[in-house]
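File shown here: query_6.cif, holding mmCIF, C-alpha atoms and all ligand atoms.
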```
data_start
loop_
_atom_site.label_atom_id
_atom_site.label_comp_id
_atom_site.auth_asym_id
_atom_site.auth_seq_id
_atom_site.Cartn_x
_atom_site.Cartn_y
_atom_site.Cartn_z
CA MET A 915 -14.43 -16.69 7.80
CA LYS A 916 -11.31 -17.70 9.67
CA TYR A 917 -8.19 -17.76 7.54
CA LEU A 918 -4.71 -19.14 7.95
CA ALA A 919 -1.96 -17.46 5.94
CA VAL A 920 1.43 -19.01 5.34
CA ILE A 921 3.47 -15.88 5.07
CA GLY A 922 6.60 -15.01 3.14
CA ARG A 923 10.17 -14.93 4.43
CA ASN A 924 9.72 -11.29 5.32
CA LYS A 925 7.46 -11.88 8.29
CA VAL A 926 7.12 -8.31 9.61
CA LEU A 927 6.18 -6.97 6.20
CA SER A 928 3.73 -9.79 5.45
CA LEU A 929 2.00 -9.38 8.83
CA ALA A 930 1.74 -5.62 8.27
CA GLU A 931 0.16 -6.22 4.85
CA LEU A 932 -2.50 -8.49 6.35
CA GLU A 933 -3.11 -6.12 9.26
CA SER A 934 -3.60 -3.20 6.84
CA LEU A 935 -6.31 -5.08 5.00
CA TYR A 936 -7.99 -7.24 7.64
CA GLY A 937 -7.29 -5.58 10.98
CA LYS A 938 -6.45 -8.03 13.74
CA VAL A 939 -3.80 -10.55 12.71
CA HIS A 940 -2.32 -13.20 15.01
CA ASP A 941 1.21 -14.40 14.50
CA LEU A 942 0.91 -18.14 15.12
CA GLY A 943 4.62 -18.87 14.71
CA GLY A 944 6.06 -21.35 12.22
CA GLY A 945 5.56 -18.82 9.42
CA CYS A 946 1.78 -18.78 9.86
CA ALA A 947 -0.73 -16.10 10.80
CA SER A 948 -4.48 -16.08 11.29
CA PHE A 949 -7.06 -13.43 10.57
CA GLU A 950 -10.77 -13.12 9.84
CA SER A 951 -12.57 -11.68 6.86
CA ALA A 952 -16.25 -11.57 6.05
CA ASP A 953 -15.41 -11.58 2.32
CA ASN A 954 -13.59 -14.16 0.25
CA VAL A 955 -9.89 -13.36 0.27
CA ASN A 956 -8.03 -13.52 -3.04
CA ILE A 957 -4.42 -14.58 -2.59
CA ASP A 958 -3.47 -13.02 -5.94
CA ARG A 959 -3.77 -9.62 -4.27
CA LEU A 960 -1.43 -10.46 -1.40
CA GLY A 961 2.26 -10.04 -2.20
CA GLY A 962 3.39 -11.39 1.19
CA CYS A 963 1.24 -14.50 1.40
CA MET A 964 2.46 -17.89 0.15
CA LYS A 965 -0.59 -19.99 0.93
CA LEU A 966 -4.05 -19.23 2.16
CA ALA A 967 -6.42 -21.68 3.86
CA ARG A 968 -9.79 -21.60 5.58
CA LEU A 969 -10.47 -23.14 8.97
CA ILE A 970 -12.43 -26.39 8.72
CA GLU A 971 -15.12 -25.88 11.33
CA LYS A 972 -16.51 -29.45 11.14
CA PRO A 973 -14.84 -32.72 12.12
CA LEU A 974 -12.23 -33.36 9.39
CA MET A 975 -13.75 -36.65 8.14
CA GLU A 976 -17.19 -35.13 7.84
CA TRP A 977 -15.70 -32.29 5.81
CA LEU A 978 -13.73 -34.66 3.55
CA MET A 979 -16.78 -36.82 2.93
CA GLY A 980 -18.58 -33.71 1.78
CA LEU A 981 -16.15 -33.19 -1.14
CA PRO A 982 -17.78 -33.59 -4.57
CA GLU A 983 -18.05 -37.07 -6.15
CA GLY A 984 -15.00 -38.48 -7.92
CA LYS A 985 -11.34 -39.01 -7.21
CA ILE A 986 -9.90 -36.85 -4.44
CA THR A 987 -6.36 -35.48 -4.64
CA LEU A 988 -5.15 -34.68 -1.18
CA GLY A 989 -2.02 -32.77 -0.23
CA VAL A 990 -1.12 -32.68 3.46
CA SER A 991 1.10 -30.12 5.21
CA ASP A 992 1.70 -29.74 8.92
CA TYR A 993 3.12 -26.44 10.18
CA SER A 994 2.98 -27.45 13.87
CA ARG A 995 6.21 -27.46 15.81
CA GLY A 996 7.79 -30.92 15.78
CA ALA A 997 5.92 -32.16 12.69
CA THR A 998 8.10 -34.23 10.36
CA GLY A 999 7.82 -35.72 6.90
CA ARG A 1000 7.20 -39.10 8.57
CA SER A 1001 4.43 -37.88 10.86
CA VAL A 1002 2.69 -36.15 7.94
CA LYS A 1003 2.98 -39.22 5.73
CA ALA A 1004 1.48 -41.39 8.47
CA GLU A 1005 -1.42 -38.95 8.90
CA ALA A 1006 -2.04 -38.76 5.15
CA ILE A 1007 -2.09 -42.55 4.81
CA LYS A 1008 -4.49 -42.82 7.75
CA LEU A 1009 -6.86 -40.30 6.12
CA LYS A 1010 -6.62 -42.10 2.78
CA LYS A 1011 -7.45 -45.47 4.37
CA ILE A 1012 -10.56 -44.10 6.06
CA LEU A 1013 -11.71 -42.41 2.86
CA VAL A 1014 -11.11 -45.55 0.80
CA ARG A 1015 -13.12 -47.53 3.35
CA HIS A 1016 -15.95 -45.09 2.69
CA GLY A 1017 -15.74 -45.83 -1.01
CA ARG A 1018 -13.72 -42.79 -2.11
CA SER A 1019 -10.82 -42.97 -4.49
CA VAL A 1020 -7.85 -40.92 -3.24
CA ARG A 1021 -4.44 -39.80 -4.48
CA VAL A 1022 -2.13 -38.37 -1.83
CA VAL A 1023 0.53 -35.73 -2.60
CA LEU A 1024 3.36 -35.54 -0.09
CA GLY A 1025 6.33 -33.20 0.18
CA GLU A 1026 9.93 -33.80 1.15
CA GLY A 1027 9.37 -32.62 4.71
CA ALA A 1028 6.33 -31.78 6.81
CA VAL A 1029 4.96 -29.18 4.37
CA LEU A 1030 4.32 -29.02 0.65
CA SER A 1031 6.19 -26.33 -1.25
CA THR A 1032 4.09 -23.68 -3.00
CA ALA A 1033 5.41 -25.01 -6.34
CA THR A 1034 4.14 -28.53 -5.52
CA VAL A 1035 0.76 -27.19 -4.45
CA LEU A 1036 0.52 -24.98 -7.55
CA HIS A 1037 1.63 -27.55 -10.07
CA ASN A 1038 -0.60 -30.29 -8.66
CA GLY A 1039 -3.61 -28.02 -8.93
CA LEU A 1040 -4.17 -28.21 -5.15
CA GLY A 1041 -5.01 -24.91 -3.45
CA ARG A 1042 -6.96 -23.79 -6.50
CA GLY A 1043 -8.58 -27.00 -7.65
CA SER A 1044 -11.40 -26.05 -10.01
CA SER A 1045 -13.35 -29.22 -9.30
CA GLY A 1046 -13.17 -28.87 -5.49
CA ARG A 1047 -11.76 -32.40 -5.24
CA LYS A 1048 -8.13 -31.27 -5.19
CA VAL A 1049 -7.19 -29.82 -1.86
CA GLU A 1050 -4.23 -29.16 0.38
CA LEU A 1051 -5.07 -29.88 4.00
CA ILE A 1052 -3.02 -27.79 6.38
CA ARG A 1053 -2.65 -28.68 10.02
CA LEU A 1054 -1.47 -26.30 12.71
CA ASP A 1055 -1.67 -26.92 16.45
CA GLY A 1056 -4.51 -29.40 16.27
CA LYS A 1057 -6.66 -27.42 13.82
CA TRP A 1058 -7.24 -28.33 10.18
CA TYR A 1059 -7.50 -25.81 7.38
CA ALA A 1060 -8.44 -26.30 3.72
CA GLY A 1061 -6.14 -24.57 1.27
CA CYS A 1062 -7.96 -21.98 -0.82
CA GLY A 1063 -5.06 -20.25 -2.54
CA VAL A 1064 -1.40 -20.53 -3.31
CA GLN A 1065 0.92 -17.84 -4.57
CA ASP A 1066 1.19 -18.08 -8.34
CA ILE A 1067 4.97 -17.75 -8.59
CA ASP A 1068 4.84 -18.26 -12.35
CA ALA A 1069 2.39 -15.40 -12.87
CA TYR A 1070 4.63 -12.99 -10.92
CA THR A 1071 7.65 -14.02 -12.97
CA ARG A 1072 5.70 -13.67 -16.23
CA ARG A 1073 4.49 -10.17 -15.57
CA ASP A 1074 7.88 -9.09 -14.21
CA GLN A 1075 10.00 -10.42 -17.04
CA ALA A 1076 7.75 -10.05 -20.02
CA ARG A 1077 7.12 -6.29 -19.65
CA PRO A 1078 8.49 -4.57 -22.75
CA ALA A 1079 10.21 -1.62 -21.00
CA ARG A 1080 12.67 -2.49 -18.26
CA ASP A 1081 15.57 -0.55 -16.84
CA ALA A 1082 18.07 -2.17 -14.50
CA LYS A 1083 19.35 1.24 -13.39
CA VAL A 1084 16.18 2.40 -11.70
CA GLY A 1085 16.14 -0.92 -9.86
CA MET A 1086 13.73 -3.74 -10.35
CA LEU A 1087 10.93 -3.46 -7.87
CA PRO A 1088 9.58 -7.00 -7.44
CA PRO A 1089 5.84 -7.10 -8.30
CA LYS A 1090 5.15 -8.77 -4.93
CA LEU A 1091 6.64 -5.83 -3.08
CA ALA A 1092 4.72 -3.40 -5.29
CA GLN A 1093 1.50 -5.21 -4.25
CA ILE A 1094 2.50 -4.96 -0.60
CA LEU A 1095 3.04 -1.19 -1.01
CA VAL A 1096 -0.47 -0.79 -2.43
CA ASN A 1097 -1.96 -3.05 0.26
CA LEU A 1098 -0.26 -1.10 3.04
CA CYS A 1099 -2.53 1.78 1.98
CA GLY A 1100 -5.35 -0.30 3.53
CA LEU A 1101 -8.60 -1.40 1.92
CA LEU A 1102 -9.34 1.20 -0.74
CA PRO A 1103 -12.75 1.53 -2.33
CA GLU A 1104 -13.12 -0.17 -5.70
CA GLY A 1105 -11.87 2.05 -8.49
CA ALA A 1106 -9.86 4.27 -6.10
CA ARG A 1107 -7.07 6.26 -7.78
CA VAL A 1108 -3.53 5.40 -6.72
CA LEU A 1109 -0.72 7.89 -7.36
CA ASP A 1110 2.95 6.94 -7.77
CA PRO A 1111 4.96 10.20 -7.90
CA PHE A 1112 8.23 8.28 -8.65
CA CYS A 1113 6.69 5.84 -11.11
CA GLY A 1114 9.86 4.82 -13.02
CA THR A 1115 8.95 1.91 -15.29
CA GLY A 1116 5.54 1.60 -13.61
CA VAL A 1117 5.65 -1.59 -11.49
CA VAL A 1118 3.52 -0.13 -8.67
CA LEU A 1119 1.00 1.19 -11.19
CA GLN A 1120 0.93 -2.16 -12.97
CA GLU A 1121 0.11 -4.01 -9.77
CA ALA A 1122 -2.45 -1.41 -8.68
CA LEU A 1123 -4.14 -1.71 -12.09
CA LEU A 1124 -4.31 -5.49 -11.75
CA MET A 1125 -5.96 -4.98 -8.37
CA GLY A 1126 -8.70 -2.98 -10.09
CA TYR A 1127 -7.60 0.53 -9.12
CA GLN A 1128 -7.19 3.54 -11.36
CA VAL A 1129 -3.59 4.63 -11.59
CA TYR A 1130 -1.75 7.90 -11.93
CA GLY A 1131 2.01 8.12 -12.36
CA THR A 1132 4.49 10.98 -12.48
CA ASP A 1133 8.28 10.95 -12.73
CA ILE A 1134 10.90 13.59 -13.34
CA ASP A 1135 12.43 11.58 -16.18
CA GLU A 1136 10.59 11.73 -19.49
CA ARG A 1137 12.13 8.43 -20.58
CA MET A 1138 10.60 6.73 -17.55
CA ILE A 1139 7.20 8.13 -18.42
CA ARG A 1140 7.49 6.60 -21.90
CA TYR A 1141 8.46 3.29 -20.28
CA THR A 1142 5.49 3.39 -17.94
CA GLU A 1143 3.13 4.18 -20.80
CA LYS A 1144 4.51 1.30 -22.84
CA ASN A 1145 4.29 -1.14 -19.92
CA LEU A 1146 0.74 -0.18 -19.00
CA GLU A 1147 -0.42 -0.42 -22.61
CA TRP A 1148 1.19 -3.85 -22.85
CA LEU A 1149 -0.39 -4.97 -19.62
CA MET A 1150 -3.87 -3.96 -20.69
CA SER A 1151 -3.58 -5.72 -24.04
CA ARG A 1152 -1.98 -8.83 -22.50
CA ASN A 1153 -4.58 -8.99 -19.85
CA LYS A 1154 -7.38 -9.92 -22.15
CA GLU A 1155 -5.21 -12.43 -23.94
CA ALA A 1156 -4.17 -13.98 -20.63
CA TYR A 1157 -7.80 -14.16 -19.67
CA PHE A 1158 -8.67 -16.14 -22.77
CA VAL A 1159 -5.61 -18.38 -22.54
CA GLY A 1160 -6.68 -19.13 -18.99
CA ARG A 1161 -10.17 -20.03 -20.12
CA VAL A 1162 -9.42 -22.07 -23.22
CA GLN A 1163 -6.50 -24.14 -22.00
CA ASN A 1164 -5.84 -25.92 -18.73
CA PRO A 1165 -6.83 -23.29 -16.17
CA CYS A 1166 -4.38 -24.64 -13.60
CA ARG A 1167 -1.30 -24.25 -15.75
CA HIS A 1168 -2.02 -21.33 -18.03
CA ARG A 1169 -3.54 -18.73 -15.85
CA GLY A 1170 -1.81 -15.82 -17.54
CA PHE A 1171 -1.37 -13.19 -14.88
CA GLY A 1172 -3.44 -14.94 -12.27
CA ALA A 1173 -7.01 -14.66 -11.13
CA ILE A 1174 -6.88 -10.93 -10.44
CA SER A 1175 -6.19 -10.30 -14.07
CA ARG A 1176 -9.36 -12.07 -15.06
CA ALA A 1177 -11.42 -9.62 -13.06
CA ALA A 1178 -9.26 -6.72 -14.15
CA ALA A 1179 -9.37 -7.88 -17.77
CA LEU A 1180 -13.10 -7.60 -17.78
CA ARG A 1181 -12.96 -4.16 -16.24
CA ASN A 1182 -10.19 -3.05 -18.62
CA THR A 1183 -12.53 -3.19 -21.55
CA HIS A 1184 -14.25 -0.03 -20.37
CA GLU A 1185 -13.63 1.50 -17.02
CA ILE A 1186 -9.98 1.37 -15.90
CA ALA A 1187 -8.20 4.66 -16.34
CA SER A 1188 -4.51 5.39 -16.20
CA SER A 1189 -2.68 8.65 -16.67
CA VAL A 1190 1.00 9.56 -16.57
CA SER A 1191 2.90 12.87 -16.72
CA VAL A 1192 6.43 14.19 -16.43
CA GLY A 1193 7.00 16.19 -13.26
CA SER A 1194 9.11 16.57 -10.15
CA ALA A 1195 7.48 15.18 -7.02
CA THR A 1196 8.74 18.19 -5.09
CA GLU A 1197 6.57 20.69 -6.98
CA PHE A 1198 4.10 18.95 -9.30
CA VAL A 1199 0.43 19.81 -8.97
CA TRP A 1200 -1.44 16.52 -9.30
CA GLU A 1201 -4.90 16.45 -10.76
CA GLN A 1202 -7.47 15.15 -8.30
CA PRO A 1203 -8.72 12.73 -7.14
CA VAL A 1204 -5.79 11.07 -5.41
CA ASP A 1205 -7.06 8.43 -2.99
CA ALA A 1206 -3.74 6.85 -2.03
CA VAL A 1207 -0.04 7.31 -2.69
CA ALA A 1208 2.17 4.22 -3.09
CA CYS A 1209 5.68 4.45 -4.44
CA GLU A 1210 9.27 3.40 -4.44
CA ALA A 1211 11.13 6.68 -4.13
CA TYR A 1212 14.55 7.51 -5.51
CA LEU A 1213 16.96 5.13 -3.72
CA GLY A 1214 20.22 6.99 -4.37
CA PRO A 1215 23.14 5.53 -6.27
CA PRO A 1216 23.31 1.74 -6.55
CA LEU A 1217 26.13 0.54 -4.26
CA LYS A 1218 28.08 -2.71 -4.30
CA THR A 1219 30.11 -2.03 -1.15
CA VAL A 1220 29.18 -0.60 2.23
CA PRO A 1221 29.56 3.22 2.04
CA THR A 1222 31.84 5.12 4.42
CA GLU A 1223 30.28 7.40 7.06
CA ILE A 1224 31.04 10.47 4.97
CA GLU A 1225 29.65 8.98 1.74
CA LEU A 1226 26.52 7.85 3.54
CA LYS A 1227 25.86 11.25 5.16
CA GLU A 1228 26.05 12.90 1.75
CA ILE A 1229 23.61 10.46 0.14
CA GLN A 1230 21.24 10.61 3.12
CA GLN A 1231 21.19 14.38 3.03
CA GLU A 1232 20.29 14.45 -0.67
CA ILE A 1233 17.48 11.92 -0.29
CA ASN A 1234 16.16 13.40 2.94
CA SER A 1235 15.72 16.77 1.31
CA LEU A 1236 14.11 15.25 -1.82
CA LEU A 1237 11.65 13.26 0.26
CA SER A 1238 10.79 15.98 2.77
CA ALA A 1239 10.11 18.35 -0.12
CA THR A 1240 7.95 15.65 -1.75
CA LEU A 1241 5.99 14.98 1.45
CA LYS A 1242 5.50 18.71 1.95
CA ASN A 1243 4.22 19.10 -1.60
CA LEU A 1244 1.89 16.10 -1.26
CA SER A 1245 0.67 17.28 2.13
CA LYS A 1246 -0.73 20.49 0.58
CA GLN A 1247 -2.70 18.50 -1.97
CA LEU A 1248 -3.95 15.39 -0.18
CA LYS A 1249 -7.23 15.04 1.67
CA SER A 1250 -7.05 14.27 5.36
CA GLY A 1251 -6.73 10.51 5.96
CA THR A 1252 -5.07 9.74 2.61
CA PRO A 1253 -2.54 6.90 3.00
CA VAL A 1254 1.02 7.52 1.79
CA VAL A 1255 3.24 4.44 1.53
CA MET A 1256 6.84 4.84 0.41
CA ALA A 1257 9.73 2.46 -0.07
CA VAL A 1258 12.83 4.50 0.78
CA PRO A 1259 16.48 3.44 1.04
CA ALA A 1260 18.33 2.07 4.09
CA TRP A 1261 22.02 1.22 3.92
CA LEU A 1262 24.00 -1.71 5.22
CA ARG A 1263 26.49 -0.71 7.91
CA PRO A 1264 29.67 -2.54 8.93
CA ASN A 1265 27.82 -3.98 11.97
CA GLY A 1266 25.32 -5.71 9.67
CA GLU A 1267 22.42 -3.38 10.60
CA TYR A 1268 20.59 -1.13 8.13
CA GLU A 1269 20.65 2.62 8.69
CA GLY A 1270 17.72 4.50 7.21
CA LEU A 1271 16.74 8.12 6.72
CA ASN A 1272 15.71 10.41 9.56
CA LEU A 1273 12.55 11.17 7.65
CA LEU A 1274 10.27 9.58 10.22
CA ASP A 1275 11.30 12.15 12.86
CA GLU A 1276 10.04 14.88 10.56
CA THR A 1277 6.76 13.41 9.38
CA ASP A 1278 4.74 15.00 12.19
CA ASN A 1279 5.86 18.50 11.14
CA LEU A 1280 5.21 17.65 7.52
CA GLY A 1281 1.56 16.87 8.31
CA TYR A 1282 1.46 13.06 8.65
CA ASN A 1283 0.86 10.41 11.28
CA VAL A 1284 3.03 7.32 11.20
CA LYS A 1285 1.05 4.06 11.10
CA LYS A 1286 2.19 1.57 13.72
CA PHE A 1287 1.73 -2.17 13.26
CA VAL A 1288 1.32 -4.87 15.88
CA SER A 1289 4.33 -6.74 14.50
CA ARG A 1290 6.36 -3.63 15.39
CA GLY A 1291 9.72 -4.33 13.67
CA ARG A 1292 11.02 -2.17 10.84
CA LEU A 1293 9.49 -2.86 7.46
CA LEU A 1294 12.71 -3.74 5.66
CA TYR A 1295 13.01 -5.57 2.36
CA HIS A 1296 16.38 -6.80 1.11
CA ARG A 1297 18.31 -9.81 -0.03
CA GLU A 1298 21.02 -11.24 2.23
CA GLY A 1299 23.96 -8.82 2.24
CA GLN A 1300 22.33 -6.30 -0.15
CA VAL A 1301 23.91 -2.86 0.44
CA VAL A 1302 20.87 -0.71 -0.36
CA ALA A 1303 17.73 -2.13 1.25
CA ARG A 1304 14.22 -0.77 0.91
CA GLU A 1305 12.52 0.43 4.08
CA ILE A 1306 8.79 0.96 3.88
CA ILE A 1307 7.20 3.87 5.68
CA VAL A 1308 3.45 4.02 6.13
CA LEU A 1309 1.90 7.43 6.74
CA ARG A 1310 -1.52 8.96 6.78
CA LYS A 1311 -2.21 12.60 5.99
CA LYS A 1312 -3.39 14.33 9.18
C1 LIG B 1 13.75 3.67 -7.71
S1 LIG B 1 13.08 4.40 -9.09
C2 LIG B 1 11.42 3.84 -9.07
C3 LIG B 1 11.29 2.63 -9.93
C4 LIG B 1 9.89 2.19 -10.08
N1 LIG B 1 9.34 1.64 -8.86
C5 LIG B 1 9.73 1.19 -11.22
O1 LIG B 1 8.78 0.42 -11.16
O2 LIG B 1 10.50 1.17 -12.15
C6 LIG B 1 12.95 6.08 -8.63
C7 LIG B 1 12.40 6.99 -9.71
O3 LIG B 1 12.35 8.29 -9.17
C8 LIG B 1 12.53 9.20 -10.22
N2 LIG B 1 12.87 10.50 -9.62
C9 LIG B 1 14.03 10.93 -9.09
N3 LIG B 1 13.89 12.18 -8.61
C10 LIG B 1 12.61 12.56 -8.83
C11 LIG B 1 11.83 13.72 -8.54
N4 LIG B 1 12.36 14.78 -7.96
N5 LIG B 1 10.54 13.71 -8.89
C12 LIG B 1 9.98 12.65 -9.49
N6 LIG B 1 10.66 11.54 -9.82
C13 LIG B 1 11.95 11.49 -9.47
C14 LIG B 1 13.59 8.57 -11.10
O4 LIG B 1 13.53 9.07 -12.42
C15 LIG B 1 13.22 7.09 -10.99
O5 LIG B 1 12.43 6.71 -12.08
#
```
Could I get this file's structure written as structure tokens?
Ligand SMILES: C[S@@+](CC[C@H](N)C(=O)[O-])C[C@H]1O[C@@H](n2cnc3c(N)ncnc32)[C@H](O)[C@@H]1O
Amino acid sequence: MKYLAVIGRNKVLSLAELESLYGKVHDLGGGCASFESADNVNIDRLGGCMKLARLIEKPLMEWLMGLPEGKITLGVSDYSRGATGRSVKAEAIKLKKILVRHGRSVRVVLGEGAVLSTATVLHNGLGRGSSGRKVELIRLDGKWYAGCGVQDIDAYTRRDQARPARDAKVGMLPPKLAQILVNLCGLLPEGARVLDPFCGTGVVLQEALLMGYQVYGTDIDERMIRYTEKNLEWLMSRNKEAYFVGRVQNPCRHRGFGAISRAAALRNTHEIASSVSVGSATEFVWEQPVDAVACEAYLGPPLKTVPTEIELKEIQQEINSLLSATLKNLSKQLKSGTPVVMAVPAWLRPNGEYEGLNLLDETDNLGYNVKKFVSRGRLLYHREGQVVAREIIVLRKK
């Protein structure tokens, strides 16, 4: 199946996520990318994807006439260069007129500009319409796509903010980024075991669990291990509840943690395993199997102002030695081919660029290959002006 993805603001990272999972990805411009997958793609697993749509391979009218009986709700977005709110409105009205002439009842949902926001798509039940009669049509460069998923912003917020154990000091890894870290490991077999050796409050493990993986977390700080345990326990109990809320009430508005949780909730009842232990990543001996490593490493002290050269050198040195020792320790224990994905710090410099660690120069000696992506650029994640950014490195054990 041919898919169109409307990707997040962080284009390089979103493209790399898709490439890791689906291989060839084409950057179509305008914030869109295309890729192919033989299987159904679930947007709830993609942290960097805002909307997902499938290419309509028939003439558009023929496809629309094939929608199930009853009133059609149609959203229209046009990501082509030069498209405007006016041109989209005109197109939508034209489609409606033809459909009405063919005896169909139609409601059209339009946005402010040429494209519908994810919130509009989500809250109008487009993109995920259970009846199949609610759909967002997406146009790009003369092709039409039918929306088949929209990022559930509310579900991300719920599972981020409702976790019982949070700690602002270890930083708040956004769940979307945690998903991207896991996805950058590539397509893992179902039930694979994902290790986070710097698990903190457990956001990476939480997202990996929701994706159906087994999880294993270690951290040097005993308090963090207690937090992770508490959060994972909460997640597993909430999951089932969310599943039932989603079923009993309006499935469009009360989906709990999103569709992935429904699958995971079912699995949680018996199979999913999680384990956590206190230990330093530089020397811990992890129990096997470890099929992938995904983590946000120690990021150094939180900084509000740009550090001086001397301050930065000191911090870099400390983190470089922690991470090279960690990679060395992991290297002895991982099977060849195991993916290792790490979010590490990069610091804002007076010229507005981010300076990272020199870890990548060493990875070859430490026993890893660096994965290169077609989109090439650095995999940086930060807010505008943020002093400590996260840079993602993607390695594979030789
Ligand atoms: C940026 S935080 C990770 C936060 C985590 N992603 C979360 O969801 O909360 C880094 C973590 O690394 C841990 N840490 C620092 N040095 C460590 C070491 N040598 N071995 C293992 N963990 C370490 C800290 O205790 C902290 O929890």
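Here CA of Gly961 in chain A and CA of Val1118 in chain A stand 11.9 Å from one another.
Coordinates place CA of Val1049 in chain A at a distance of 26.2 Å from CA of Gln1093 in chain A.
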Exercise for the section: Output the neighbourhood of ligand LIG 1 (chain B) as a PyMOL selection string, that is, all protein and nucleic acid residues with some atom at most 6 Å from the ligand, counting only C-alpha atoms and all ligand atoms. Expected result: chain A and resi 1084-1085+1087+1111-1118+1133-1135+1138+1193-1196+1210-1213
Practice task
Mind checking which residues fall within 7 Å of Thr998 in chain A, counting all atoms listed in the file, ignoring those fewer than 3 positions away in the same chain, and posting them as an MDAnalysis selection string?
Solution key: chainID A and resid 1001:1002 1027:1028
Practice task
Determine, counting all atoms listed in the file, which protein, DNA and RNA residues have an atom within 9 Å of an atom of Ser1250 in chain A; residues of the same chain fewer than 3 positions away are not included. Present the result as a PyMOL selection string.
Solution key: chain A and resi 1245+1253+1310-1312
Please provide the set of residues having any atom within 9 Å of Arg1292 in chain A, restricted to only C-alpha atoms, with same-chain residues fewer than 5 positions apart removed, written as a compact mmCIF listing (two decimals) with C-alpha atoms, in the frame of the given file.
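Final output, saved to selection-v2.txt:
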```txt
# COMPACT_ATOMS: atom_id res chain seq x y z
CA VAL A 926 7.12 -8.31 9.61
CA LEU A 927 6.18 -6.97 6.20
CA GLU A 1305 12.52 0.43 4.08
CA ILE A 1306 8.79 0.96 3.88
CA ILE A 1307 7.20 3.87 5.68
```
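The coordinates place CA of Leu969 in chain A at 7.1 Å from CA of Leu918 in chain A.
For the set A:Val1254, A:Leu974, A:Val1023, A:Leu1262, the residue with the smallest atom-to-atom gap to Thr1222 in chain A is A:Leu1262, counting only C-alpha atoms.
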Exercise for the section: Find the spatial neighbours of Leu1293 in chain A, counting all atoms listed in the file, within a cut-off of 12 Å - ignore same-chain residues fewer than 5 positions away - and output them as a PyMOL selection string. Expected result: chain A and resi 924-931+1091+1094-1095+1098+1255-1260+1268+1270+1285-1288+1303-1308
Problem - For Arg923 in chain A: contacts at 12 Å, all atoms listed in the file, fewer than 5 positions along chain excluded, given as number ranges by chain - result: A: 928-929, 944-946, 961-964, 1294-1298
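Restricting the calculation to all atoms listed in the file, the smallest distance between Trp1200 in chain A and any of A:Lys1218, A:Gly1281, A:Ile1229, A:Leu1248 is found for A:Leu1248.
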Fill in the blank from the handout: Residue with the minimum atom-to-atom distance to Arg1080 in chain A, picked from A:Leu1040, A:Ile1139, A:Val1020, A:Ala997 with all atoms listed in the file counted, is A:Ile1139
Handout entry: Polymer residues at most 10 Å from (-5.5, -2.7, 1.6) by only C-alpha atoms, as a PyMOL selection string
Key = chain A and resi 931-937+959-960+1093-1103
Write out the residues from the selection above, keeping C-alpha atoms, as an mmCIF file, in the frame of the given file.
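The result, written out as part-v5.cif:
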```cif
data_model
loop_
_atom_site.group_PDB
_atom_site.id
_atom_site.type_symbol
_atom_site.label_atom_id
_atom_site.label_comp_id
_atom_site.auth_asym_id
_atom_site.auth_seq_id
_atom_site.Cartn_x
_atom_site.Cartn_y
_atom_site.Cartn_z
ATOM 1 C CA GLU A 931 0.160 -6.220 4.850
ATOM 2 C CA LEU A 932 -2.500 -8.490 6.350
ATOM 3 C CA GLU A 933 -3.110 -6.120 9.260
ATOM 4 C CA SER A 934 -3.600 -3.200 6.840
ATOM 5 C CA LEU A 935 -6.310 -5.080 5.000
ATOM 6 C CA TYR A 936 -7.990 -7.240 7.640
ATOM 7 C CA GLY A 937 -7.290 -5.580 10.980
ATOM 8 C CA ARG A 959 -3.770 -9.620 -4.270
ATOM 9 C CA LEU A 960 -1.430 -10.460 -1.400
ATOM 10 C CA GLN A 1093 1.500 -5.210 -4.250
ATOM 11 C CA ILE A 1094 2.500 -4.960 -0.600
ATOM 12 C CA LEU A 1095 3.040 -1.190 -1.010
ATOM 13 C CA VAL A 1096 -0.470 -0.790 -2.430
ATOM 14 C CA ASN A 1097 -1.960 -3.050 0.260
ATOM 15 C CA LEU A 1098 -0.260 -1.100 3.040
ATOM 16 C CA CYS A 1099 -2.530 1.780 1.980
ATOM 17 C CA GLY A 1100 -5.350 -0.300 3.530
ATOM 18 C CA LEU A 1101 -8.600 -1.400 1.920
ATOM 19 C CA LEU A 1102 -9.340 1.200 -0.740
ATOM 20 C CA PRO A 1103 -12.750 1.530 -2.330
#
```
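Using only C-alpha atoms, the nearest neighbour of Leu966 in chain A within the list A:Ile1067, A:Val1192, A:Val920, A:Leu1123 is A:Val920.
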Is it possible to add N, CA and C atoms to range 1299-1303 of chain A and hand it back as a CSV table (one decimal), keeping the file's coordinate frame?
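Written file, rebuild.csv:
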```csv
chain,number,residue,atom,x,y,z
A,1299,GLY,N,22.7,-9.5,2.6
A,1299,GLY,CA,24.0,-8.8,2.2
A,1299,GLY,C,23.8,-7.7,1.3
A,1300,GLN,N,22.6,-7.4,0.8
A,1300,GLN,CA,22.3,-6.3,-0.2
A,1300,GLN,C,22.7,-5.0,0.5
A,1301,VAL,N,23.4,-4.1,-0.2
A,1301,VAL,CA,23.9,-2.9,0.4
A,1301,VAL,C,22.8,-1.8,0.6
A,1302,VAL,N,22.0,-1.7,-0.5
A,1302,VAL,CA,20.9,-0.7,-0.4
A,1302,VAL,C,19.6,-1.5,-0.2
A,1303,ALA,N,19.0,-1.4,1.0
A,1303,ALA,CA,17.7,-2.1,1.2
A,1303,ALA,C,16.6,-1.1,1.0
```
